[in-house]
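Working notes for the structure below.
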Amino acid sequence: MSAQARVTADPQTAAASAVGLSKVYGEGDTRVIALNNVGVEFARGQFTAIMGPSGSGKSTLMHCMAGLDSITAGSAWIGDTELGRLNDKQLTRVRRDRIGFVFQSFNLLATLTALENITLPTAIAGRGPDRAWLDRVVATVGLADRLGHRPSQLSGGQQQRVACARALASKPEIIFADEPTGNLDSRSGSEILAFLRDCVRDLGQTVVMVTHDPVAASYADRVVFLADGHIVDDLRAPTAATVLDRMRRLDTQSRTN
């Protein structure tokens with residue numbers, strides 16, 4: 001039985017899931033199948049890494065499941081809400097209130113302080129933050145003495161911690177992180193990964209992270225592997241060594257097929 005067949009999706013119990021999800025770009029000679037009939041679920045309170053070679057569809061999968069990109073066929077769900085059935089206003093509300101995002105490039109506003117960046121999503125929504133939750137998030141990321149600083153006054157690692165705190169500020173159902181350590185040195189990257197791990201363990205969050213780094217993936221509870229738009233493997237309790245071994249095996253298989 002293939003890994004694709006083993007992976008099922010249950011929108012009633014998962015924080016996010018995909019059912020028969022396909023994404024096609026272009027037409028005719030330029031047609032590219034980025035995702036092909038993908039079924040996967042991300043359990044609540046779990047840290048999942050998505051890995052695969054360049055062009056495998058890992059970032060496309062995350063963007064489709066986070067409502068950042070449309071899908072060609074199948075369905076994407078946040079909890080029991082099917083994203084494809086929502087209008088633009090409803091989809092914006094789901095992304096704002098139920099999903100947190102962390103990107104490689106931090107995406108902070110240079111004119112705002114760390115605290116103002118963290119609370120920006122709730123301010124845009126026209127409501128104040130939950131102060132008790134905000135204090136807990138700030139303590140977890142270790143930013144209490146940096147809240148009045150602007151991004152230019154912070155290191156790369158500190159900026160990414162601000163971005164992580166911003167993703168958590170609205171107490172989302174799930175956080176999607178796209179190569180969150182890609183612009184950081186190894187020490188800062190390790191701090192961010194440990195923080196994401198703590199978010200799951202101590203704050204009960206659900207994190208889905210796209211990465212190409214076996215060491216980063218080893219912080220997760222589970223690693224889902226993609227190749228050519230398909231889920232081809234699923235590894236639980238990963239270590240850097242087991243992830244690297246699996247990646248090498250998949251690379252060998254792709255070159256012999």
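Identifiers in this document derive from the order of the structure tokens: chains are assigned A, B, ..., residues are numbered from 1 separately in each chain, and ligands are numbered from 1 in order of occurrence.
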
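Look at segment 243-246 of chain A: the protein and nucleic acid residues within 9 Å of it, using only C-alpha atoms and passing over chain neighbours fewer than 2 places away, are Asp213, Pro214, Val215, Ala217, Ser218, Val223, Phe225, Asp233, Leu235, Pro238, Thr239, Ala240, Ala241, Arg248, Arg249, Leu250 and Asp251 of chain A.
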
Please produce an output containing N, CA, C and O atoms for each residue in the selection, written as a JSON list (two decimals), in the first residue's frame.
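Heads up, here's the output in again_31.json:
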[["chain", "number", "residue", "atom", "x", "y", "z"],
["A", 213, "ASP", "N", 15.29, 21.31, 5.70],
["A", 213, "ASP", "CA", 16.38, 21.00, 6.62],
["A", 213, "ASP", "C", 16.01, 19.81, 7.53],
["A", 213, "ASP", "O", 15.08, 19.92, 8.33],
["A", 214, "PRO", "N", 16.73, 18.70, 7.44],
["A", 214, "PRO", "CA", 16.45, 17.54, 8.29],
["A", 214, "PRO", "C", 16.53, 17.86, 9.78],
["A", 214, "PRO", "O", 15.77, 17.30, 10.58],
["A", 215, "VAL", "N", 17.44, 18.75, 10.17],
["A", 215, "VAL", "CA", 17.56, 19.12, 11.58],
["A", 215, "VAL", "C", 16.31, 19.87, 12.03],
["A", 215, "VAL", "O", 15.75, 19.61, 13.10],
["A", 217, "ALA", "N", 13.35, 19.61, 10.70],
["A", 217, "ALA", "CA", 12.25, 18.64, 10.70],
["A", 217, "ALA", "C", 12.27, 17.76, 11.94],
["A", 217, "ALA", "O", 11.23, 17.27, 12.38],
["A", 218, "SER", "N", 13.45, 17.56, 12.54],
["A", 218, "SER", "CA", 13.55, 16.68, 13.70],
["A", 218, "SER", "C", 12.87, 17.27, 14.93],
["A", 218, "SER", "O", 12.63, 16.55, 15.90],
["A", 223, "VAL", "N", 6.78, 13.96, 10.04],
["A", 223, "VAL", "CA", 7.23, 14.56, 8.79],
["A", 223, "VAL", "C", 6.47, 13.92, 7.63],
["A", 223, "VAL", "O", 6.40, 12.69, 7.52],
["A", 225, "PHE", "N", 6.35, 13.67, 3.54],
["A", 225, "PHE", "CA", 7.25, 13.86, 2.41],
["A", 225, "PHE", "C", 6.46, 13.93, 1.10],
["A", 225, "PHE", "O", 5.58, 13.09, 0.87],
["A", 233, "ASP", "N", 5.60, 9.60, 1.58],
["A", 233, "ASP", "CA", 6.02, 8.97, 2.82],
["A", 233, "ASP", "C", 5.53, 9.79, 4.01],
["A", 233, "ASP", "O", 5.18, 10.97, 3.87],
["A", 235, "LEU", "N", 6.55, 10.01, 8.25],
["A", 235, "LEU", "CA", 7.47, 9.54, 9.29],
["A", 235, "LEU", "C", 7.06, 10.12, 10.64],
["A", 235, "LEU", "O", 6.89, 11.33, 10.78],
["A", 238, "PRO", "N", 10.42, 11.78, 14.22],
["A", 238, "PRO", "CA", 11.63, 11.85, 13.39],
["A", 238, "PRO", "C", 12.86, 12.28, 14.17],
["A", 238, "PRO", "O", 12.77, 12.97, 15.19],
["A", 239, "THR", "N", 14.00, 11.86, 13.70],
["A", 239, "THR", "CA", 15.29, 12.41, 14.10],
["A", 239, "THR", "C", 15.96, 12.95, 12.85],
["A", 239, "THR", "O", 15.54, 12.63, 11.73],
["A", 240, "ALA", "N", 16.99, 13.76, 13.02],
["A", 240, "ALA", "CA", 17.68, 14.30, 11.86],
["A", 240, "ALA", "C", 18.22, 13.17, 10.98],
["A", 240, "ALA", "O", 18.17, 13.24, 9.75],
["A", 241, "ALA", "N", 18.70, 12.12, 11.63],
["A", 241, "ALA", "CA", 19.27, 10.99, 10.88],
["A", 241, "ALA", "C", 18.21, 10.24, 10.09],
["A", 241, "ALA", "O", 18.42, 9.91, 8.92],
["A", 248, "ARG", "N", 17.30, 10.78, 1.33],
["A", 248, "ARG", "CA", 18.25, 10.14, 0.40],
["A", 248, "ARG", "C", 17.59, 9.00, -0.35],
["A", 248, "ARG", "O", 17.81, 8.82, -1.55],
["A", 249, "ARG", "N", 16.77, 8.23, 0.36],
["A", 249, "ARG", "CA", 16.09, 7.10, -0.27],
["A", 249, "ARG", "C", 15.11, 7.59, -1.34],
["A", 249, "ARG", "O", 15.04, 7.03, -2.44],
["A", 250, "LEU", "N", 14.37, 8.65, -1.02],
["A", 250, "LEU", "CA", 13.42, 9.19, -1.99],
["A", 250, "LEU", "C", 14.15, 9.79, -3.20],
["A", 250, "LEU", "O", 13.68, 9.67, -4.33],
["A", 251, "ASP", "N", 15.30, 10.42, -2.96],
["A", 251, "ASP", "CA", 16.07, 10.99, -4.05],
["A", 251, "ASP", "C", 16.58, 9.88, -4.96],
["A", 251, "ASP", "O", 16.55, 10.01, -6.19]]

May I have the residues within 12 Å of Ala216 of chain A as number ranges by chain, using only C-alpha atoms and disregarding those fewer than 6 positions away in the same chain? A: 47-51, 177-182, 186-197, 209-210, 222-223, 238-241, 243-244

Export of prior selection with N, CA, C and O atoms as a short mmCIF file (atom, residue, chain, number, x, y, z; two decimals), in the first residue's frame:
data_model
loop_
_atom_site.label_atom_id
_atom_site.label_comp_id
_atom_site.auth_asym_id
_atom_site.auth_seq_id
_atom_site.Cartn_x
_atom_site.Cartn_y
_atom_site.Cartn_z
N PHE A 47 2.96 19.04 15.91
CA PHE A 47 3.92 19.77 15.09
C PHE A 47 4.28 18.87 13.91
O PHE A 47 4.86 17.81 14.08
N THR A 48 3.91 19.32 12.69
CA THR A 48 4.17 18.54 11.48
C THR A 48 5.09 19.32 10.55
O THR A 48 4.90 20.51 10.33
N ALA A 49 6.09 18.64 10.01
CA ALA A 49 6.97 19.22 9.00
C ALA A 49 6.61 18.64 7.64
O ALA A 49 6.28 17.46 7.53
N ILE A 50 6.66 19.48 6.60
CA ILE A 50 6.47 19.05 5.22
C ILE A 50 7.79 19.18 4.51
O ILE A 50 8.39 20.26 4.49
N MET A 51 8.26 18.08 3.90
CA MET A 51 9.55 18.08 3.22
C MET A 51 9.42 17.52 1.81
O MET A 51 8.45 16.82 1.50
N ALA A 177 3.99 27.69 8.89
CA ALA A 177 5.30 28.32 8.86
C ALA A 177 6.04 27.87 7.61
O ALA A 177 6.27 26.67 7.42
N ASP A 178 6.41 28.80 6.74
CA ASP A 178 7.07 28.49 5.48
C ASP A 178 8.56 28.82 5.60
O ASP A 178 8.95 29.99 5.56
N GLU A 179 9.40 27.81 5.76
CA GLU A 179 10.85 27.98 5.91
C GLU A 179 11.17 29.06 6.95
O GLU A 179 11.91 30.02 6.66
N PRO A 180 10.65 28.94 8.18
CA PRO A 180 10.79 30.03 9.14
C PRO A 180 12.22 30.30 9.60
O PRO A 180 12.51 31.36 10.16
N THR A 181 13.14 29.35 9.37
CA THR A 181 14.53 29.56 9.79
C THR A 181 15.46 29.82 8.60
O THR A 181 16.67 29.88 8.75
N GLY A 182 14.88 29.99 7.41
CA GLY A 182 15.68 30.11 6.20
C GLY A 182 16.60 31.31 6.17
O GLY A 182 17.65 31.27 5.52
N SER A 186 22.37 29.43 12.49
CA SER A 186 21.98 28.16 13.10
C SER A 186 21.49 28.34 14.53
O SER A 186 20.52 27.68 14.95
N ARG A 187 22.12 29.21 15.29
CA ARG A 187 21.70 29.41 16.68
C ARG A 187 20.30 30.03 16.74
O ARG A 187 19.44 29.55 17.49
N SER A 188 20.09 31.11 15.98
CA SER A 188 18.77 31.75 15.97
C SER A 188 17.71 30.79 15.44
O SER A 188 16.59 30.75 15.93
N GLY A 189 18.08 30.01 14.41
CA GLY A 189 17.15 29.03 13.86
C GLY A 189 16.74 28.00 14.89
O GLY A 189 15.56 27.65 15.00
N SER A 190 17.70 27.54 15.67
CA SER A 190 17.40 26.56 16.72
C SER A 190 16.46 27.14 17.76
O SER A 190 15.56 26.46 18.27
N GLU A 191 16.65 28.43 18.08
CA GLU A 191 15.77 29.08 19.06
C GLU A 191 14.33 29.16 18.55
O GLU A 191 13.37 28.93 19.30
N ILE A 192 14.17 29.48 17.26
CA ILE A 192 12.83 29.56 16.68
C ILE A 192 12.17 28.18 16.65
O ILE A 192 10.98 28.03 16.99
N LEU A 193 12.93 27.17 16.29
CA LEU A 193 12.38 25.81 16.24
C LEU A 193 11.98 25.33 17.63
O LEU A 193 10.93 24.70 17.82
N ALA A 194 12.81 25.65 18.63
CA ALA A 194 12.47 25.28 20.00
C ALA A 194 11.21 26.01 20.45
O ALA A 194 10.37 25.45 21.16
N PHE A 195 11.08 27.27 20.02
CA PHE A 195 9.87 28.03 20.36
C PHE A 195 8.63 27.41 19.74
O PHE A 195 7.59 27.26 20.41
N LEU A 196 8.71 27.03 18.46
CA LEU A 196 7.56 26.38 17.82
C LEU A 196 7.22 25.07 18.53
O LEU A 196 6.05 24.73 18.72
N ARG A 197 8.27 24.34 18.93
CA ARG A 197 8.06 23.10 19.69
C ARG A 197 7.34 23.40 21.01
O ARG A 197 6.41 22.69 21.41
N MET A 209 4.92 23.14 9.30
CA MET A 209 6.10 23.86 8.83
C MET A 209 6.67 23.23 7.56
O MET A 209 6.95 22.03 7.52
N VAL A 210 6.86 24.06 6.54
CA VAL A 210 7.59 23.62 5.35
C VAL A 210 9.07 23.87 5.59
O VAL A 210 9.47 24.96 6.02
N ARG A 222 6.05 14.76 13.43
CA ARG A 222 5.75 13.98 12.23
C ARG A 222 6.31 14.72 11.02
O ARG A 222 6.32 15.95 10.99
N VAL A 223 6.78 13.96 10.04
CA VAL A 223 7.23 14.56 8.79
C VAL A 223 6.47 13.92 7.63
O VAL A 223 6.40 12.69 7.52
N PRO A 238 10.42 11.78 14.22
CA PRO A 238 11.63 11.85 13.39
C PRO A 238 12.86 12.28 14.17
O PRO A 238 12.77 12.97 15.19
N THR A 239 14.00 11.86 13.70
CA THR A 239 15.29 12.41 14.10
C THR A 239 15.96 12.95 12.85
O THR A 239 15.54 12.63 11.73
N ALA A 240 16.99 13.76 13.02
CA ALA A 240 17.68 14.30 11.86
C ALA A 240 18.22 13.17 10.98
O ALA A 240 18.17 13.24 9.75
N ALA A 241 18.70 12.12 11.63
CA ALA A 241 19.27 10.99 10.88
C ALA A 241 18.21 10.24 10.09
O ALA A 241 18.42 9.91 8.92
N VAL A 243 15.30 11.37 9.08
CA VAL A 243 14.79 12.25 8.01
C VAL A 243 15.77 12.28 6.84
O VAL A 243 15.37 12.16 5.68
N LEU A 244 17.06 12.44 7.14
CA LEU A 244 18.07 12.48 6.09
C LEU A 244 18.10 11.16 5.32
O LEU A 244 18.18 11.16 4.08
#

Extract, using only C-alpha atoms, all DNA, RNA and protein residues at most 10 Å from Leu21 of chain A, discarding same-chain residues fewer than 3 positions from it, and format them as a ChimeraX atom specification. /A:17-18,35-40,61,64-65,71-76,229

Those residues with N, CA and C atoms, as a PDB file, in the first residue's frame please?
ATOM      1  N   SER A  17      -7.059  19.851   6.892  1.00  0.00           N
ATOM      2  CA  SER A  17      -7.012  18.630   6.094  1.00  0.00           C
ATOM      3  C   SER A  17      -7.248  18.942   4.627  1.00  0.00           C
ATOM      4  N   ALA A  18      -6.782  18.026   3.801  1.00  0.00           N
ATOM      5  CA  ALA A  18      -7.007  18.109   2.358  1.00  0.00           C
ATOM      6  C   ALA A  18      -7.611  16.797   1.900  1.00  0.00           C
ATOM      7  N   LEU A  35       0.142  19.736  -7.481  1.00  0.00           N
ATOM      8  CA  LEU A  35      -0.380  18.777  -6.506  1.00  0.00           C
ATOM      9  C   LEU A  35      -1.354  17.863  -7.217  1.00  0.00           C
ATOM     10  N   ASN A  36      -1.295  16.576  -6.901  1.00  0.00           N
ATOM     11  CA  ASN A  36      -2.105  15.601  -7.621  1.00  0.00           C
ATOM     12  C   ASN A  36      -2.839  14.684  -6.649  1.00  0.00           C
ATOM     13  N   ASN A  37      -4.111  15.031  -6.380  1.00  0.00           N
ATOM     14  CA  ASN A  37      -4.991  14.170  -5.583  1.00  0.00           C
ATOM     15  C   ASN A  37      -4.408  13.875  -4.195  1.00  0.00           C
ATOM     16  N   VAL A  38      -4.037  14.941  -3.490  1.00  0.00           N
ATOM     17  CA  VAL A  38      -3.416  14.800  -2.168  1.00  0.00           C
ATOM     18  C   VAL A  38      -4.481  14.685  -1.084  1.00  0.00           C
ATOM     19  N   GLY A  39      -4.330  13.698  -0.222  1.00  0.00           N
ATOM     20  CA  GLY A  39      -5.162  13.562   0.965  1.00  0.00           C
ATOM     21  C   GLY A  39      -4.276  13.532   2.192  1.00  0.00           C
ATOM     22  N   VAL A  40      -4.490  14.472   3.121  1.00  0.00           N
ATOM     23  CA  VAL A  40      -3.660  14.539   4.327  1.00  0.00           C
ATOM     24  C   VAL A  40      -4.424  15.285   5.410  1.00  0.00           C
ATOM     25  N   LEU A  61       1.205  23.114  -1.311  1.00  0.00           N
ATOM     26  CA  LEU A  61       0.269  22.441  -0.411  1.00  0.00           C
ATOM     27  C   LEU A  61      -0.053  23.329   0.777  1.00  0.00           C
ATOM     28  N   CYS A  64      -2.269  26.320  -0.333  1.00  0.00           N
ATOM     29  CA  CYS A  64      -3.646  25.916  -0.622  1.00  0.00           C
ATOM     30  C   CYS A  64      -4.413  25.625   0.666  1.00  0.00           C
ATOM     31  N   MET A  65      -3.763  24.960   1.610  1.00  0.00           N
ATOM     32  CA  MET A  65      -4.444  24.585   2.842  1.00  0.00           C
ATOM     33  C   MET A  65      -4.638  25.774   3.782  1.00  0.00           C
ATOM     34  N   ILE A  71      -7.523  26.210  -5.253  1.00  0.00           N
ATOM     35  CA  ILE A  71      -7.243  24.827  -5.653  1.00  0.00           C
ATOM     36  C   ILE A  71      -7.994  24.513  -6.942  1.00  0.00           C
ATOM     37  N   THR A  72      -7.488  23.526  -7.664  1.00  0.00           N
ATOM     38  CA  THR A  72      -8.084  23.140  -8.945  1.00  0.00           C
ATOM     39  C   THR A  72      -9.166  22.092  -8.756  1.00  0.00           C
ATOM     40  N   ALA A  73      -8.933  21.152  -7.852  1.00  0.00           N
ATOM     41  CA  ALA A  73      -9.916  20.093  -7.587  1.00  0.00           C
ATOM     42  C   ALA A  73      -9.730  19.616  -6.156  1.00  0.00           C
ATOM     43  N   GLY A  74     -10.772  18.937  -5.638  1.00  0.00           N
ATOM     44  CA  GLY A  74     -10.718  18.461  -4.269  1.00  0.00           C
ATOM     45  C   GLY A  74     -11.119  19.549  -3.287  1.00  0.00           C
ATOM     46  N   SER A  75     -10.682  19.419  -2.043  1.00  0.00           N
ATOM     47  CA  SER A  75     -11.085  20.381  -1.021  1.00  0.00           C
ATOM     48  C   SER A  75      -9.997  20.550   0.026  1.00  0.00           C
ATOM     49  N   ALA A  76      -9.982  21.742   0.631  1.00  0.00           N
ATOM     50  CA  ALA A  76      -9.089  22.059   1.741  1.00  0.00           C
ATOM     51  C   ALA A  76      -9.946  22.557   2.894  1.00  0.00           C
ATOM     52  N   GLY A 229       4.274  16.264  -6.521  1.00  0.00           N
ATOM     53  CA  GLY A 229       2.874  16.562  -6.231  1.00  0.00           C
ATOM     54  C   GLY A 229       2.124  15.493  -5.481  1.00  0.00           C
TER      55      GLY A 229
END

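One distance worth recording is that between atom CA of Ser105 of chain A and atom CA of Ser70 of chain A, which is 22.4 Å.
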
Counting only C-alpha atoms, which residue out of A:Ala165, A:Val232, A:Leu86, A:Leu134 sits closest to Lys58 of chain A? A:Val232

Apply DSSP to the backbone of this structure and, from segment 36-243 of chain A, keep only the residues in strand (DSSP E); write these as a PyMOL selection string. chain A and resi 36-43+47-51+73-78+81-82+99-103+174-178+207-210+222-227+230-236
